[in-house]
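Before any comments, here is the structure.
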Amino acid sequence: MVVTAGRHARRLFAARWLWPALAVLTACVPFAGGFSATNIFYIRDLTMFFWPRHLWIHRSLLSGSWPLWDPYAAAGQSASSDAMNQLFLPPVLGLRMLPSVPGFNLLVAAPFPLAALGMWLLLRRRVSDTSAALGAIVFSASGPVVSSGNFPNLSWSVAWIPWIVWAADRDGAASSARSFALLTTMIAFQMLSGEPVTMAGTMALLVAYTVVCVDQTTAVAARVRAVARVVGAISMAAAIAAVQLVPMALAASASQRSLMRTDNFWSIHPLWLVESVLPHVFGDTFRQYNAELPWIIPLNSGRDPFFYSICLSLAALLLSVLGTLSGPRRRRFFWLSVAIAGVVLAAGEHTPVYPLLQRVVPPLRSLRYPAKFLVFASLGLAALAAIGADALQRRDAARGTSTIPPGAFKVTLGIALAAGLALVTLISLVVVAPFTGARAFYDLGVSLGVADPVAGAAYLFSAVPPIATRALILLATSALLVYVGRAGGHAGRLAHILLLGLATVELLAASAGLNPVIAA
């Protein structure tokens, strides 16, 4: 009986459908509250804008009329010029036809399993099924991506990013009319999602990926043809999406955006990036008022955060370090560049880079909220984590040993050790040297313009020890699993699965409560 059970377990883990299904189901967990016929997601813009619009469009469609004119906004306006209505995005239009409550909840939740599946398909072309599942989970369940759920136009636009890159990868590997049509369709879907920041970032990412990563010969002519196909797909997608893009552009030209005045509100403060590894160390805006959280306002452009969570998982970050140091050179450096670019651009006015780009490319001045670029950091780190996890699995065919360069392995564990020492130092500032810690936290609050630096220091004194201790435990566990995973054999395979589970649990714990529901 034991042998039979073991055989069934091996068959289950060998089933190719298991890993994408795991990624898709994991992406649904943060939105489990939406599986209801009476409750709806309500945070931020969902109840102020998206729920009333959904009801109006839903009732219009069921009555047999196309919603051309929105009578509820100010004195009325054209419905098609507001891209947040997503009137021409086929998946959303289909969800509008469902009963109002489940249709709305699916409109909010559907982008995330969609993103997980697209990411798995993209990564599966280069890494193992389990590593691709890890990368898909890290992307779709990362804090910036999950937090986009209260802006459906943003979340739908983000969901198409891996699908677009996957379609470009397929077209580059085996060009055909069908693959070109698929790429065009994916790009058009994103253009119809109604979010210009991620759309502009994706187009730049797509061209760069085609130049650097798509399978082609080294001949310049082949590269030029690949880029030409991508540009052609973008142009054709723009023509298809013109039904949405043209009214949106005309409306923007009659608004303040046409003045091209720089608006970098909601830039990611560099210190706020600490939240990616120490979630809620500066406060949890879901469980406390901003007035009780002295660090929230100065670190988030004077209001609550754009992304309520930016957690990226310590296990995934450690694997991304390993992925940066092993695997195909072009791909790992490309994804590292994407992650760095995402962080730098999301910093907005806090670095000279984004303001310089806005001067060089004036249309960038009309794009709002640089924080949105952080989703590209999630994308790059997820791809690197998948590469790192795959490197742990791969064995030399002749000797059966790990293919990871010894230097890469030592550097990865060295970075883990350095990060661990930094966490120990942070905890010691509170537990061992409280006077030194209090002074350091107070001075930090003064430099950042915290209204009450004493309250700021007191808050960190209570928040740092438990959060940093938990992070230290997760980091040590991740480093141990990476060490065991390199050895191979049964223990190595188990360590690989445990790393996937650890990253998943860590991300889901950080996203718990980010998408609450209320009676419709």
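Just so we're on the same page: first chain in the structure tokens is A, next is B, and so on; residues restart at 1 for each chain, and ligands are numbered from 1 in the order they show up.
Once Val207 (chain A) and its same-chain neighbours fewer than 5 positions away are set aside, A:Val227, A:Val230, A:Val231 remain within 8 Å of it when counting only C-alpha atoms.
Residues lying within 7 Å of region 17-27 of chain A, counting only C-alpha atoms and ignoring same-chain neighbours fewer than 6 positions away, are Phe112, Pro113, Ala116, Leu117, Trp120, Asp129, Thr130, Ala133, Ala136, Ile137, Ser140 and Ala141 of chain A.
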To one decimal place in Å, what is the distance between CA of Gly485 (chain A) and CA of Glu506 (chain A)? 19.1 Å
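Distance check against Ala382 (chain A) using only C-alpha atoms: of A:Val138, A:Val243, A:Leu325, A:Leu357, the minimum falls on A:Val138.
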What are the closest atom pairs, with distances in Å to one decimal, for each residue of region 299-351 of chain A lying within 12 Å of region 461-482 of chain A, using only C-alpha atoms, rows by chain and rising residue number, as a tab-separated table?
```
residue	atom	partner	partner_atom	distance
A:Cys311	CA	A:Ala471	CA	11.5
A:Leu312	CA	A:Ala471	CA	12.0
A:Ser313	CA	A:Leu474	CA	9.0
A:Leu314	CA	A:Leu475	CA	6.0
A:Ala315	CA	A:Ser478	CA	5.2
A:Ala316	CA	A:Ser478	CA	8.7
A:Leu317	CA	A:Leu475	CA	9.6
A:Leu318	CA	A:Ser478	CA	7.3
A:Leu319	CA	A:Val482	CA	7.9
A:Ser320	CA	A:Val482	CA	11.5
A:Val321	CA	A:Val482	CA	11.2
A:Leu322	CA	A:Val482	CA	9.1
A:Gly323	CA	A:Val482	CA	11.8
```
Pick out the residues sitting within 10 Å of Gly449 (chain A), and hand them over as a PyMOL selection string; count only C-alpha atoms, and ignore anything fewer than 3 positions along from it in its own chain. chain A and resi 294-295+297-299+443-446+452-453
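Restricting the calculation to only C-alpha atoms, the smallest distance between Asp45 (chain A) and any of A:Ala418, A:Leu154, A:Ala110, A:Ala32 is found for A:Leu154.
Proximity to Leu106 (chain A) was assessed for A:Ser65, A:Ser378, A:Ser142, A:Asn39 counting only C-alpha atoms; the smallest distance is recorded for A:Asn39.
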Close residues, Val375 (chain A) itself excluded, 12 Å, only C-alpha atoms, min 5 positions apart in chain, as a VMD selection string: chain A and resid 115 138 to 148 154 to 155 157 to 159 161 to 162 197 to 199 201 to 202 307 309 to 312 338 to 346 370 380 to 382
Using only N, CA and C atoms, please write the residues we just selected to a file, as a compact mmCIF listing (two decimals), in the first residue's frame.
```txt
# COMPACT_ATOMS: atom_id res chain seq x y z
N ALA A 115 -2.49 36.43 -14.84
CA ALA A 115 -1.07 36.78 -14.80
C ALA A 115 -0.21 35.58 -14.42
N VAL A 138 5.63 34.05 -7.48
CA VAL A 138 6.33 35.24 -7.00
C VAL A 138 5.82 36.49 -7.71
N PHE A 139 5.55 36.39 -9.00
CA PHE A 139 5.04 37.56 -9.73
C PHE A 139 3.61 37.88 -9.36
N SER A 140 2.72 36.90 -9.50
CA SER A 140 1.29 37.17 -9.34
C SER A 140 0.88 37.41 -7.89
N ALA A 141 1.66 36.90 -6.92
CA ALA A 141 1.33 37.09 -5.50
C ALA A 141 2.23 38.12 -4.83
N SER A 142 3.10 38.78 -5.58
CA SER A 142 3.97 39.81 -5.00
C SER A 142 3.12 40.99 -4.54
N GLY A 143 3.63 41.72 -3.56
CA GLY A 143 2.88 42.84 -3.01
C GLY A 143 2.42 43.87 -4.03
N PRO A 144 3.31 44.37 -4.91
CA PRO A 144 2.88 45.37 -5.88
C PRO A 144 1.78 44.88 -6.81
N VAL A 145 1.85 43.62 -7.24
CA VAL A 145 0.84 43.09 -8.17
C VAL A 145 -0.49 42.88 -7.45
N VAL A 146 -0.47 42.24 -6.28
CA VAL A 146 -1.71 42.01 -5.54
C VAL A 146 -2.36 43.33 -5.15
N SER A 147 -1.54 44.32 -4.80
CA SER A 147 -2.07 45.61 -4.38
C SER A 147 -2.72 46.39 -5.51
N SER A 148 -2.48 45.98 -6.75
CA SER A 148 -3.10 46.67 -7.89
C SER A 148 -4.57 46.30 -8.04
N LEU A 154 -5.39 49.00 -13.95
CA LEU A 154 -3.97 48.69 -13.74
C LEU A 154 -3.75 47.18 -13.66
N SER A 155 -4.58 46.47 -12.89
CA SER A 155 -4.36 45.03 -12.72
C SER A 155 -4.54 44.27 -14.03
N SER A 157 -3.98 45.50 -17.02
CA SER A 157 -2.81 45.84 -17.84
C SER A 157 -1.59 45.04 -17.40
N VAL A 158 -1.41 44.89 -16.09
CA VAL A 158 -0.28 44.12 -15.56
C VAL A 158 -0.41 42.64 -15.95
N ALA A 159 -1.63 42.13 -15.95
CA ALA A 159 -1.84 40.71 -16.25
C ALA A 159 -1.39 40.35 -17.65
N ILE A 161 1.20 41.57 -19.27
CA ILE A 161 2.64 41.72 -19.51
C ILE A 161 3.31 40.38 -19.81
N PRO A 162 3.19 39.36 -18.95
CA PRO A 162 3.87 38.09 -19.28
C PRO A 162 3.31 37.43 -20.54
N VAL A 197 0.74 53.92 -18.09
CA VAL A 197 2.09 53.77 -17.55
C VAL A 197 2.63 52.37 -17.83
N THR A 198 1.86 51.34 -17.46
CA THR A 198 2.32 49.97 -17.71
C THR A 198 2.32 49.65 -19.20
N MET A 199 1.44 50.28 -19.97
CA MET A 199 1.45 50.06 -21.41
C MET A 199 2.75 50.57 -22.02
N GLY A 201 5.59 51.11 -20.44
CA GLY A 201 6.69 50.28 -19.94
C GLY A 201 6.76 48.93 -20.63
N THR A 202 5.61 48.34 -20.93
CA THR A 202 5.58 47.03 -21.59
C THR A 202 6.10 47.12 -23.01
N PHE A 307 0.79 51.35 -3.30
CA PHE A 307 0.69 49.90 -3.12
C PHE A 307 0.67 49.63 -1.62
N SER A 309 1.07 46.94 -0.18
CA SER A 309 2.13 45.99 0.15
C SER A 309 3.12 45.96 -1.01
N ILE A 310 4.40 45.89 -0.68
CA ILE A 310 5.42 45.70 -1.72
C ILE A 310 6.29 44.50 -1.37
N CYS A 311 5.74 43.57 -0.58
CA CYS A 311 6.49 42.38 -0.15
C CYS A 311 6.90 41.54 -1.36
N LEU A 312 8.17 41.12 -1.38
CA LEU A 312 8.69 40.34 -2.50
C LEU A 312 9.23 38.98 -2.07
N VAL A 338 15.77 44.72 -15.87
CA VAL A 338 14.34 45.03 -15.74
C VAL A 338 14.00 45.33 -14.28
N ALA A 339 14.49 44.51 -13.36
CA ALA A 339 14.20 44.72 -11.94
C ALA A 339 14.77 46.05 -11.46
N ILE A 340 16.01 46.34 -11.85
CA ILE A 340 16.64 47.60 -11.42
C ILE A 340 15.90 48.79 -12.02
N ALA A 341 15.59 48.70 -13.32
CA ALA A 341 14.87 49.80 -13.97
C ALA A 341 13.52 50.04 -13.32
N GLY A 342 12.82 48.95 -12.95
CA GLY A 342 11.52 49.09 -12.30
C GLY A 342 11.63 49.86 -10.99
N VAL A 343 12.66 49.54 -10.19
CA VAL A 343 12.85 50.22 -8.91
C VAL A 343 13.23 51.68 -9.12
N VAL A 344 14.16 51.94 -10.03
CA VAL A 344 14.63 53.31 -10.26
C VAL A 344 13.52 54.20 -10.79
N LEU A 345 12.76 53.70 -11.78
CA LEU A 345 11.67 54.50 -12.34
C LEU A 345 10.56 54.71 -11.31
N ALA A 346 10.29 53.69 -10.48
CA ALA A 346 9.26 53.83 -9.45
C ALA A 346 9.65 54.88 -8.42
N PRO A 370 4.54 57.34 -10.63
CA PRO A 370 5.70 56.49 -10.98
C PRO A 370 5.75 55.18 -10.21
N GLY A 380 10.86 41.21 -13.07
CA GLY A 380 12.26 40.85 -13.21
C GLY A 380 12.74 39.93 -12.10
N LEU A 381 12.36 40.22 -10.87
CA LEU A 381 12.79 39.38 -9.74
C LEU A 381 12.15 38.00 -9.79
N ALA A 382 10.90 37.93 -10.26
CA ALA A 382 10.25 36.62 -10.40
C ALA A 382 10.97 35.77 -11.43
```
Env of Val430 (chain A): 10 Å cut, atoms = only C-alpha atoms, seq-sep filter 3 positions within chain, self excluded. Answer as a short mmCIF file (atom, residue, chain, number, x, y, z; two decimals) with N, CA, C and O atoms, in the first residue's frame.
```
data_model
loop_
_atom_site.label_atom_id
_atom_site.label_comp_id
_atom_site.auth_asym_id
_atom_site.auth_seq_id
_atom_site.Cartn_x
_atom_site.Cartn_y
_atom_site.Cartn_z
N THR A 425 21.80 43.44 13.62
CA THR A 425 22.18 44.78 14.05
C THR A 425 20.94 45.64 14.31
O THR A 425 20.88 46.38 15.31
N LEU A 426 19.96 45.54 13.41
CA LEU A 426 18.73 46.31 13.56
C LEU A 426 17.99 45.93 14.85
O LEU A 426 17.52 46.80 15.60
N ILE A 427 17.92 44.63 15.11
CA ILE A 427 17.27 44.17 16.34
C ILE A 427 18.06 44.62 17.57
O ILE A 427 17.48 45.04 18.59
N ALA A 433 21.14 47.99 22.54
CA ALA A 433 21.58 49.39 22.67
C ALA A 433 20.41 50.34 22.43
O ALA A 433 20.38 51.06 21.43
N PRO A 434 19.43 50.36 23.33
CA PRO A 434 18.21 51.15 23.08
C PRO A 434 18.45 52.65 22.96
O PRO A 434 17.76 53.32 22.20
N PHE A 435 19.41 53.19 23.71
CA PHE A 435 19.66 54.63 23.63
C PHE A 435 20.23 55.00 22.25
O PHE A 435 19.83 55.99 21.65
N THR A 436 21.15 54.17 21.77
CA THR A 436 21.70 54.41 20.42
C THR A 436 20.61 54.25 19.36
O THR A 436 20.51 55.05 18.43
N GLY A 437 19.78 53.21 19.52
CA GLY A 437 18.70 52.99 18.57
C GLY A 437 17.69 54.12 18.58
O GLY A 437 17.24 54.57 17.52
N ALA A 438 17.33 54.59 19.77
CA ALA A 438 16.36 55.68 19.87
C ALA A 438 16.89 56.93 19.19
O ALA A 438 16.15 57.63 18.46
N PHE A 441 16.82 56.35 15.29
CA PHE A 441 15.46 56.44 14.75
C PHE A 441 14.92 57.86 14.80
O PHE A 441 14.22 58.31 13.90
N LEU A 460 8.93 52.55 15.77
CA LEU A 460 9.91 51.58 15.27
C LEU A 460 10.41 50.67 16.40
O LEU A 460 10.72 49.50 16.18
N PHE A 461 10.49 51.20 17.62
CA PHE A 461 10.92 50.38 18.74
C PHE A 461 9.96 49.21 18.97
O PHE A 461 10.38 48.11 19.34
N SER A 462 8.68 49.44 18.73
CA SER A 462 7.71 48.36 18.92
C SER A 462 7.58 47.46 17.69
O SER A 462 7.29 46.27 17.82
N VAL A 464 10.02 46.97 15.03
CA VAL A 464 11.22 46.34 14.47
C VAL A 464 11.50 44.95 15.04
O VAL A 464 11.73 44.00 14.28
N PRO A 465 11.53 44.75 16.37
CA PRO A 465 11.95 43.43 16.88
C PRO A 465 11.14 42.26 16.35
O PRO A 465 11.75 41.29 15.83
#
```
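Minimum atom-to-atom distance to Ile164 (chain A), evaluated using only C-alpha atoms, belongs to A:Thr210 out of A:Asn515, A:Ser253, A:Asn150, A:Thr210.
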Residue neighbourhood region 66-72 of chain A, 9 Å, only C-alpha atoms, exclusion window fewer than 5 positions, as an mmCIF file with N, CA and C atoms, in the first residue's frame:
```cif
data_model
loop_
_atom_site.group_PDB
_atom_site.id
_atom_site.type_symbol
_atom_site.label_atom_id
_atom_site.label_comp_id
_atom_site.auth_asym_id
_atom_site.auth_seq_id
_atom_site.Cartn_x
_atom_site.Cartn_y
_atom_site.Cartn_z
ATOM 1 N N ARG A 53 -19.853 52.337 -11.784
ATOM 2 C CA ARG A 53 -19.752 52.235 -13.245
ATOM 3 C C ARG A 53 -20.126 50.834 -13.707
ATOM 4 N N TRP A 56 -23.877 50.484 -13.754
ATOM 5 C CA TRP A 56 -24.480 51.220 -14.868
ATOM 6 C C TRP A 56 -24.247 50.499 -16.201
ATOM 7 N N ILE A 57 -22.988 50.078 -16.440
ATOM 8 C CA ILE A 57 -22.681 49.391 -17.703
ATOM 9 C C ILE A 57 -23.399 48.047 -17.763
ATOM 10 N N SER A 60 -27.007 48.656 -18.555
ATOM 11 C CA SER A 60 -27.157 49.127 -19.936
ATOM 12 C C SER A 60 -27.056 47.970 -20.922
ATOM 13 N N LEU A 61 -26.073 47.122 -20.717
ATOM 14 C CA LEU A 61 -25.879 45.990 -21.626
ATOM 15 C C LEU A 61 -27.058 45.028 -21.567
ATOM 16 N N GLN A 77 -20.532 62.763 -19.589
ATOM 17 C CA GLN A 77 -19.372 62.707 -20.479
ATOM 18 C C GLN A 77 -19.461 61.451 -21.339
ATOM 19 N N SER A 78 -18.659 61.452 -22.388
ATOM 20 C CA SER A 78 -18.610 60.284 -23.257
ATOM 21 C C SER A 78 -18.046 59.100 -22.489
ATOM 22 N N ALA A 79 -18.707 57.973 -22.579
ATOM 23 C CA ALA A 79 -18.254 56.783 -21.848
ATOM 24 C C ALA A 79 -17.012 56.173 -22.485
ATOM 25 N N SER A 80 -16.884 56.259 -23.798
ATOM 26 C CA SER A 80 -15.763 55.614 -24.483
ATOM 27 C C SER A 80 -14.455 56.351 -24.273
ATOM 28 N N LEU A 87 -14.667 49.466 -22.001
ATOM 29 C CA LEU A 87 -15.833 49.046 -22.790
ATOM 30 C C LEU A 87 -15.477 48.136 -23.959
#
```
With a distance cut-off of 10 Å and only C-alpha atoms, select the neighbouring residues of Ser235 (chain A), excluding the residue or stretch itself and same-chain residues fewer than 5 positions from it, and output the selection as JSON, numbers by chain. {"A": [184, 187, 188, 229, 230, 240, 241]}
Go through region 364-469 of chain A and collect every residue that DSSP, computed from the backbone, puts in alpha helix (DSSP H); the answer should be as a PyMOL selection string. chain A and resi 374-393+406-431+434-448+453-469
